[in-house]
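**Q** Sharing a structure below in structure tokens format, with a few things to ask.
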Amino acid sequence: CVVVGAVPREQCAALAEYVDAALAGAELSIAAAPEEGDAEALEFALFGNVRCRKHRFDFKLPLSREVCDAMLSLVGVIGGALENQVSAQGRLAELSCLVSDPGAERQPLHPDTPIAGNACAALLTTFVALQDISESMGPTVFCLGTHHAPAAHAELESVPMQARASDATLARFGAAAGICEAGTVLLMDSRLLHCGGANLPLLHGGMRRRLLYATWQVLGNSPAGSTYSIRSELQGRLRVEDFHPLRGSAEAEGRQDSRSAKLLQCAAACGDGDAMSRLGTMSSSAAELARATTEPRPQSLPG
């Protein structure tokens with residue numbers, strides 16, 4: 001499913017600028033870590049495990065103002081579809097930004113979660129392009145229909161790993177490139193075969209490609225295979241309904257205030273200075289509500 005213009009261009013540009021600055025800061029912090037163990041801990045906290053990592057990053061996002069604005073816009077447009085698939089209580093299982101720079105190689109074709117041996121409900125991932133994406137930037141390619149095709153998954157297993165990134169393999173599985181404009185959202189079942197494309201050198205038109213992605217899961221279902229890229233401060237705390245705006249009654253407005261307080265508390269937990277300052281000016285009742293609504297819940301995501 002593709003929705004054009006789900007997130008306004010200005011929000012995409014602001015988030016892209018934020019990601020670039022935060023990513024550079026994270027790399028500097030890791031390089032400056034006094035001990036190897038400290039560097040490894042920082043890398044685990046800030047980055048997910050992505051295939052073909054050279055010139056490619058899976059940068060776990062805090063709930064900064066830029067991230068929150070984009071998520072509110074996103075769910076404001078596709079919230080109904082999310083609720084149909086994972087319910088209003090569907091949990092945010094991943095919140096990250098995939099970044100590929102010129103020189104990044106094409107990944108091997110893969111699903112995020114397999115069909116075989118997975119009794120859990122699939123995850124639903126929403127990708128948002130933070131800039132226009134051209135062929136030379138290595139768009140993600142999707143093999144439509146393979147999320148409910150066990151035979152296609154079995155066939156891919158027979159392909160040697162080194163051949164799963166070839167043009168012939170992608171053609172064999174009917175891959176289509178996600179070339180799109182900034183603000184476009186692509187919804188993907190986690191069982192769909194897909195891969196990140198090759199980002200060409202600068203001289204051949206390559207440039208940084210950024211994809212905000214948020215993955216949602218049915219409550220109580222954690223299928224195997226996913227990297228579950230989300231900051232530990234946010235793990236298990238946020239659901240579809242926390243980003244879905246409510247309007248039309250005093251009760252709805254009260255619930256919206258509750259959700260705003262919850263998002264602010266989560267942003268502060270990620271170290272957002274502005275959120276911390278705003279929490280300091282909240283009424284005592286609102287602050288108490290924020291604390292109550294962000295207490296960690298039992299959850300099955302990997303730690």
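Note on naming: chains are A, B, ... as they come in the structure tokens, residues start from 1 per chain, ligands start from 1 in the order shown.
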Determine which residues of stretch 120-211 of chain A receive a DSSP assignment of strand (DSSP E), computed from the backbone, and state them as a ChimeraX atom specification.
**A** /A:124-129,141-143,175-177,185-189,194-195,209-211
**Q** Give me the residues near A:Gln217 as a count of residues only, where near means some atom within 6 Å (using only C-alpha atoms) and where sequence neighbours in that chain fewer than 2 positions away do not count.
**A** 3
**Q** I want to know what sits within 10 Å of A:Ala93, based on only C-alpha atoms, with residues of the same chain fewer than 4 positions away left out; could you give that as a ChimeraX atom specification?
**A** /A:123-125,214-219,222,226-231,234-239,301
**Q** Which residues are close to A:Leu61, i.e. within 7 Å by only C-alpha atoms, leaving aside same-chain residues fewer than 6 positions away? Reply as a list in words.
**A**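 So the residues in contact are Leu95, Ser96, Cys97 and Arg231 of chain A.
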**Q** Between atom CA of A:Gly271 and atom CA of A:Thr126, what distance in Å does the model show, to one decimal?
**A**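 Between atom CA of A:Gly271 and atom CA of A:Thr126 the gap works out to 24.9 Å.
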**Q** Give me the residues near stretch 48-51 of chain A as a list in words, where near means some atom within 9 Å (using only C-alpha atoms) and where sequence neighbours in that chain fewer than 3 positions away do not count.
**A**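 Residues meeting the cut-off are Glu43, Phe44, Ala45, Lys54, Arg56, Phe57, Asp58, Phe59, Lys60, Ser96, Leu98, Gln107, Pro108, Gly196, Thr227, Tyr228, Ser229 and Ile230 of chain A.
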**Q** Output as a PyMOL selection string all residues of stretch 156-269 of chain A that backbone DSSP marks as helix (DSSP H, G or I).
**A** chain A and resi 156-157+161-163+167-172+202-204+240-243+250-269
**Q** Residues at most 9 Å from A:Met161, counting only C-alpha atoms, excluding those fewer than 4 positions away in the same chain, as a list in words?
**A**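 The residues satisfying every condition are Pro108, Leu109, Glu157 and Ala165 of chain A.
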**Q** Include C-alpha atoms and write out the residues we just selected as an mmCIF file, in the first residue's frame.
**A**
data_model
loop_
_atom_site.group_PDB
_atom_site.id
_atom_site.type_symbol
_atom_site.label_atom_id
_atom_site.label_comp_id
_atom_site.auth_asym_id
_atom_site.auth_seq_id
_atom_site.Cartn_x
_atom_site.Cartn_y
_atom_site.Cartn_z
ATOM 1 C CA PRO A 108 20.297 -9.611 -0.478
ATOM 2 C CA LEU A 109 16.587 -10.207 -0.903
ATOM 3 C CA GLU A 157 15.942 -20.354 0.478
ATOM 4 C CA ALA A 165 21.236 -9.463 -4.473
#
**Q** Kindly give the distance, in Å, that separates atom CA of A:Thr184 and atom CA of A:Gly5, rounded to a single decimal.
**A** 5.1 Å
**Q** With distances taken over only C-alpha atoms, which residue among A:Pro34, A:Gly117, A:Gly79, A:Pro201 lies nearest A:Met137?
**A** A:Pro201
**Q** Can you measure atom CA of A:Cys266 to atom CA of A:Leu63 for me? One decimal in Å is fine.
**A**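 These two atoms are separated by 6.7 Å.
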**Q** Residues within 7 Å of A:Phe243, please, as a PyMOL selection string. Count only C-alpha atoms; anything in the same chain fewer than 2 positions from it doesn't count.
**A** chain A and resi 71-72+75+240-241+245
